[in-house]
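Structure first, then comments.
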There are 2 protein chains.
Amino acid sequence: MQLDMRKRRILQAIVNEYIDTAEPVGSRYIAKKHELGLSSATIRNEMADLEDMGYLAQPHASSGRVPSDKGYRLYVDDLMETRLLTLDEVRAVTEELDLKINELGALIKNASAAISRLTKYTAVTLTTKGGDSGVKAVETVSIDSAKVYVIVISESGTVKNSIASLPVRLDKDDLARLTALLQNRVCGHSRESLMGALQSAIREEFAGAGAAEAVMSALADAVIDCLRQMGSAEMFLEGTANILNFPEFRNIERAREFLEILEEKKSIANLLSGLAKDERVRVLIGGENQIDEIKECSIVSATYTAGNMVFGTIGVIGPKRMEYSKVVSTIEYINKVIASELGKLASGADEG
Amino acid sequence: MQLDMRKRRILQAIVNEYIDTAEPVGSRYIAKKHELGLSSATIRNEMADLEDMGYLAQPHASSGRVPSDKGYRLYVDDLMETRLLTLDEVRAVTEELDLKINELGALIKNASAAISRLTKYTAVTLTTKGGDSGVKAVETVSIDSAKVYVIVISESGTVKNSIASLPVRLDKDDLARLTALLQNRVCGHSRESLMGALQSAIREEFAGAGAAEAVMSALADAVIDCLRQMGSAEMFLEGTANILNFPEFRNIERAREFLEILEEKKSIANLLSGLAKDERVRVLIGGENQIDEIKECSIVSATYTAGNMVFGTIGVIGPKRMEYSKVVSTIEYINKVIASELGKLASGADEG
DNA sequence: TGTTAGCACTCCAAGCAGTCGAGTGCTAAC
DNA sequence: GTTAGCACTCGACTGCTTGGAGTGCTAACA
């Protein structure tokens with residue numbers, strides 16, 4: 001059997017209709033509403049074919065048809081009319097996104113809220129593990145004679161801090177000297193090369209000089225702790241309650257499973273960060289993801305990158321019966337906006 | 001009519017029973033299960049009295065009784081058996097709470113997760129607006145010749161940063177001098193007194209010296225921005241999906257309303273921060289709070305303080321039919337643990 | 001006077017039969 | 001190849017019945 005033009009148009013009509021109503025779609029309805037110039041009987045025959053081919057399914061005999069995962073896949077890849085955002089929508093995005101923010105985490109959190117409000121689905125954003133690899137600056141602040149705050153600023157603008165407990169008391173000048181040394185050795189290094197740089201620094205500069213070596217080593221540990229904090233992914237959720245608006249989540253058990261999986265965060269974070277790292281918007285439909293609890297959901301996501309670096313992922317999760325066209329274009333647009341903002345942050349860094 | 005001992009015991013039994021089963025409680029059941037030495041008929045009479053007095057209500061004629069808000073209030077204040085945590089529970093708290101954390105925000109986030117896992121309700125934690133008032137240290141890091149990172153560390157260990165855009169280019173020594181001046185003027189100041197201190201500093205030191213004054217003023221703005229960030233309350237939620245386990249939230253509409261109110265955060269944050277500031281554990285039952293959407297919920301909360309300072313609030317929100325005894329003792333205990341941790345953080349500060 | 005057994009009454013929840021309507025598949029005619 | 005028509009299926013809804021849990025009231029009892 002062949003998937004000719006007519007079948008495709010019928011499939012398209014069915015998916016559109018189902019996305020709209022959440023009710024199984026009947027042949028009569030398609031014949032009437034969509035001007036295909038065909039009778040319901042003909043459409044009935046075609047629908048039977050489409051079911052044989054695996055694009056449609058029937059919840060029970062004598063009910064209308066519902067798209068299968070394969071049907072949605074074809075729809076997303078080929079059939080759906082990709083549309084640009086309207087002017088109003090672009091304006092809404094601009095209003096929701098607070099671009100005055102200059103810190104990565106806050107920017108992403110804000111994007112999360114914007115996406116969920118614009119799409120009415122649940123928004124997920126994720127800072128990529130290990131995305132923040134360059135050290136831009138290190139500073140120390142003395143708390144008391146035995147404790148030092150170590151502050152690390154990454155190239156993407158994230159600031160993390162850690163407390164170093166010193167094995168000996170240290171006066172201001174000593175700390176300043178050691179800090180300068182630290183700065184000298186770690187700035188510009190990526191996370192991977194840092195450990196080696198620090199170790200060789202300690203070896204070269206302090207061979208044998210016990211106390212200073214121990215202090216330096218405590219400071220180095222603090223720097224590494226900061227990088228570890230940066231390296232650990234953060235996930236933001238927004239609009240989780242939205243899922244309860246959809247009839248497929250009337251079933252309280254299903255809703256709870258969904259919310260629990262989101263709350264747990266780890267599985268979704270793994271799922272998202274395991275996806276391909278290109279800049280395209282990706283759509284994962286139903287069973288295409290490996291998490292049982294969200295096999296009835298689809299995920300639309302994109303990674304945002306600046307230069308060659310992957311900074312994170314933004315996405316939308318909702319019922320398979322999702323307004324793909326609207327969601328994909330929204331994600332695409334927001335992704336672009338964020339990428340350009342990140343670009344600005346990064347280029348600000350290059351000047352210095 | 002008088003609320004004699006027998007009525008109290010019957011009310012206590014009914015509330016206990018209802019908390020357990022979520023089903024209206026009948027006289028026969030109480031007569032059988034609780035050894036009061038009374039027949040169901042007698043208990044029936046007493047229940048009618050308790051209803052007249054407003055402690056009980058009947059969902060419909062010929063159904064069992066359900067506690068009213070007034071009934072719960074009496075139960076919480078007088079009737080419930082306050083219990084200490086068991087050894088196992090104490091151990092569970094200690095395991096869940098990660099006390100190695102030395103940053104306020106992270107500590108609270110962690111407490112949120114612990115509370116929700118231990119109580120099986122939804123946990124809310126809140127950092128108090130304006131709680132973080134003392135400046136402990138200020139540091140600057142140059143990004144490029146026209147941009148400076150300003151880092152402020154508060155007395156409670158929170159670190160915030162802001163970027164100051166300088167009106168003129170500044171070399172390293174100039175920045176160091178201005179930073180020292182800044183440190184000199186702001187350290188030890190509370191949020192309220194800081195503005196004045198900065199302004200007088202600018203006036204005294206730079207009267208007329210245009211460029212330097214402008215730079216200093218940009219730096220001061222950044223410091224104030226950091227304090228603003230610290231001042232804005234943060235709210236953490238954990239275990240929101242738990243609410244769907246309770247039969248009173250089987251109704252999807254009600255569940256959605258609840259989740260939306262939580263997600264919005266503002267109203268709950270206002271509610272919690274508006275409560276009395278003493279150290280006691282507080283219970284807000286049903287209609288005692290002013291938010292319509294959670295009139296069927298109760299909130300158990302406590303503020304955590306160190307010395308005289310209020311740092312925030314931890315709490316549990318769940319159905320009115322809540323295991324008050326368990327929740328109150330858990331909150332009480334966690335509150336104590338956090339307070340003592342905060343005490344350590346603060347005393348670490350005093351040494352310097 | 002307080003307590004209790006007994007009874008009539010109420011109301012909800014669950015189960016069941018019947019009806020309606022939407023939708024299908026198949027067949028025969030165009 | 002398309003379509004009209006028809007028999008059939010199945011879920012959703014309605015109305016009815018039944019059973020059980022629980023009450024309030026009354027009369028008898030200690």
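Quick note on naming: the chains in the structure tokens go A, B, ... in the order shown, residues restart at 1 in each chain, and ligands are numbered from 1 in order of appearance.
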What are the nearest atom pairs, with distances in Å to one decimal, for all residues of chain C that come at most 10 Å from chain A, using only C-alpha atoms (C1' of nucleotides), set out by chain and rising residue number as CSV?
residue,atom,partner,partner_atom,distance
C:DA22,C1',A:Ser63,CA,7.6
C:DG23,C1',A:Ser62,CA,5.1
C:DT24,C1',A:Ser62,CA,4.7
C:DG25,C1',A:Arg44,CA,8.8
**Request:** Apply DSSP to the backbone of this structure and, from segment 188-352 of chain B, keep only the residues in alpha helix (DSSP H); write these as a ChimeraX atom specification.
**Result:** /B:191-206,210-231,252-264,266-273,324-351
So that I can check the surroundings of Val159 of chain B, please list as a PDB file with C-alpha atoms, in the first residue's frame every protein, DNA and RNA residue that reaches within 9 Å of it, counting only C-alpha atoms (C1' of nucleotides) and ignoring chain neighbours fewer than 6 positions away.
ATOM      1  CA  VAL A 159      29.587  33.042  40.228  1.00  0.00           C
ATOM      2  CA  LYS A 160      30.110  30.310  42.798  1.00  0.00           C
ATOM      3  CA  ASN A 161      31.793  30.355  46.153  1.00  0.00           C
TER       4      ASN A 161
ATOM      5  CA  GLU B 103      25.195  28.575  52.095  1.00  0.00           C
ATOM      6  CA  ILE B 151      30.595  40.678  45.042  1.00  0.00           C
ATOM      7  CA  VAL B 152      28.880  41.119  48.382  1.00  0.00           C
ATOM      8  CA  ILE B 153      28.950  38.585  51.178  1.00  0.00           C
ATOM      9  CA  CYS B 226      23.378  42.778  45.537  1.00  0.00           C
ATOM     10  CA  MET B 230      19.511  39.172  49.003  1.00  0.00           C
TER      11      MET B 230
END
**Message:** One decimal, in Å: what's the spacing between atom CA of Thr122 of chain B and atom CA of Gly315 of chain B?
**Reply:** 8.5 Å
Pull the closest atom pair for each residue of chain D that gets at most 10 Å from chain B, along with the distance in Å to one decimal, counting only C-alpha atoms (C1' of nucleotides), ordering rows by chain and then ascending residue number, as JSON lines.
{"residue": "D:DA21", "atom": "C1'", "partner": "B:Ser63", "partner_atom": "CA", "distance": 7.6}
{"residue": "D:DG22", "atom": "C1'", "partner": "B:Ser62", "partner_atom": "CA", "distance": 5.1}
{"residue": "D:DT23", "atom": "C1'", "partner": "B:Ser62", "partner_atom": "CA", "distance": 4.6}
{"residue": "D:DG24", "atom": "C1'", "partner": "B:Arg44", "partner_atom": "CA", "distance": 8.9}
**Request:** Give the residues of chain B that lie within 10 Å of chain A; count only C-alpha atoms, and format the answer as a PyMOL selection string.
**Result:** chain B and resi 101-103+136-147+149+151+153+157-163+237-245+249-253+255-264+348-352
**Message:** For DT18 of chain D, find every residue with an atom within 12 Å (counting only C-alpha atoms (C1' of nucleotides)), except residues of its own chain fewer than 5 positions away, and show them as a PyMOL selection string.
**Reply:** chain C and resi 12-16
Residues as selected, C-alpha atoms (C1' of nucleotides), written as a PDB file, in the first residue's frame, can you do that?
ATOM      1  C1'  DC C  12     -25.266   7.794  48.986  1.00  0.00           C
ATOM      2  C1'  DA C  13     -22.993   4.376  46.131  1.00  0.00           C
ATOM      3  C1'  DA C  14     -23.090   0.667  43.191  1.00  0.00           C
ATOM      4  C1'  DG C  15     -25.163  -2.222  39.966  1.00  0.00           C
ATOM      5  C1'  DC C  16     -28.166  -3.002  36.097  1.00  0.00           C
TER       6       DC C  16
END
**Request:** Tell me which protein, DNA and RNA residues are within 9 Å of Gly105 of chain A, counting only C-alpha atoms (C1' of nucleotides), leaving out same-chain ones fewer than 4 positions away, and put them as a PyMOL selection string.
**Result:** chain A and resi 109-110+127+158+234
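Using only C-alpha atoms (C1' of nucleotides), the nearest neighbour of Glu46 of chain A within the list D:DT2, D:DA12, D:DC25, D:DA30 is D:DT2.
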**Asked** Could you state the separation of atom CA of Leu107 of chain A and atom CA of Leu126 of chain A in Å, given to one decimal place?
**Response** 11.3 Å
**Message:** Env of DC29 of chain D: 12 Å cut, atoms = only C-alpha atoms (C1' of nucleotides), seq-sep filter 5 positions within chain, self excluded. Answer as a PyMOL selection string.
**Reply:** chain C and resi 1-5
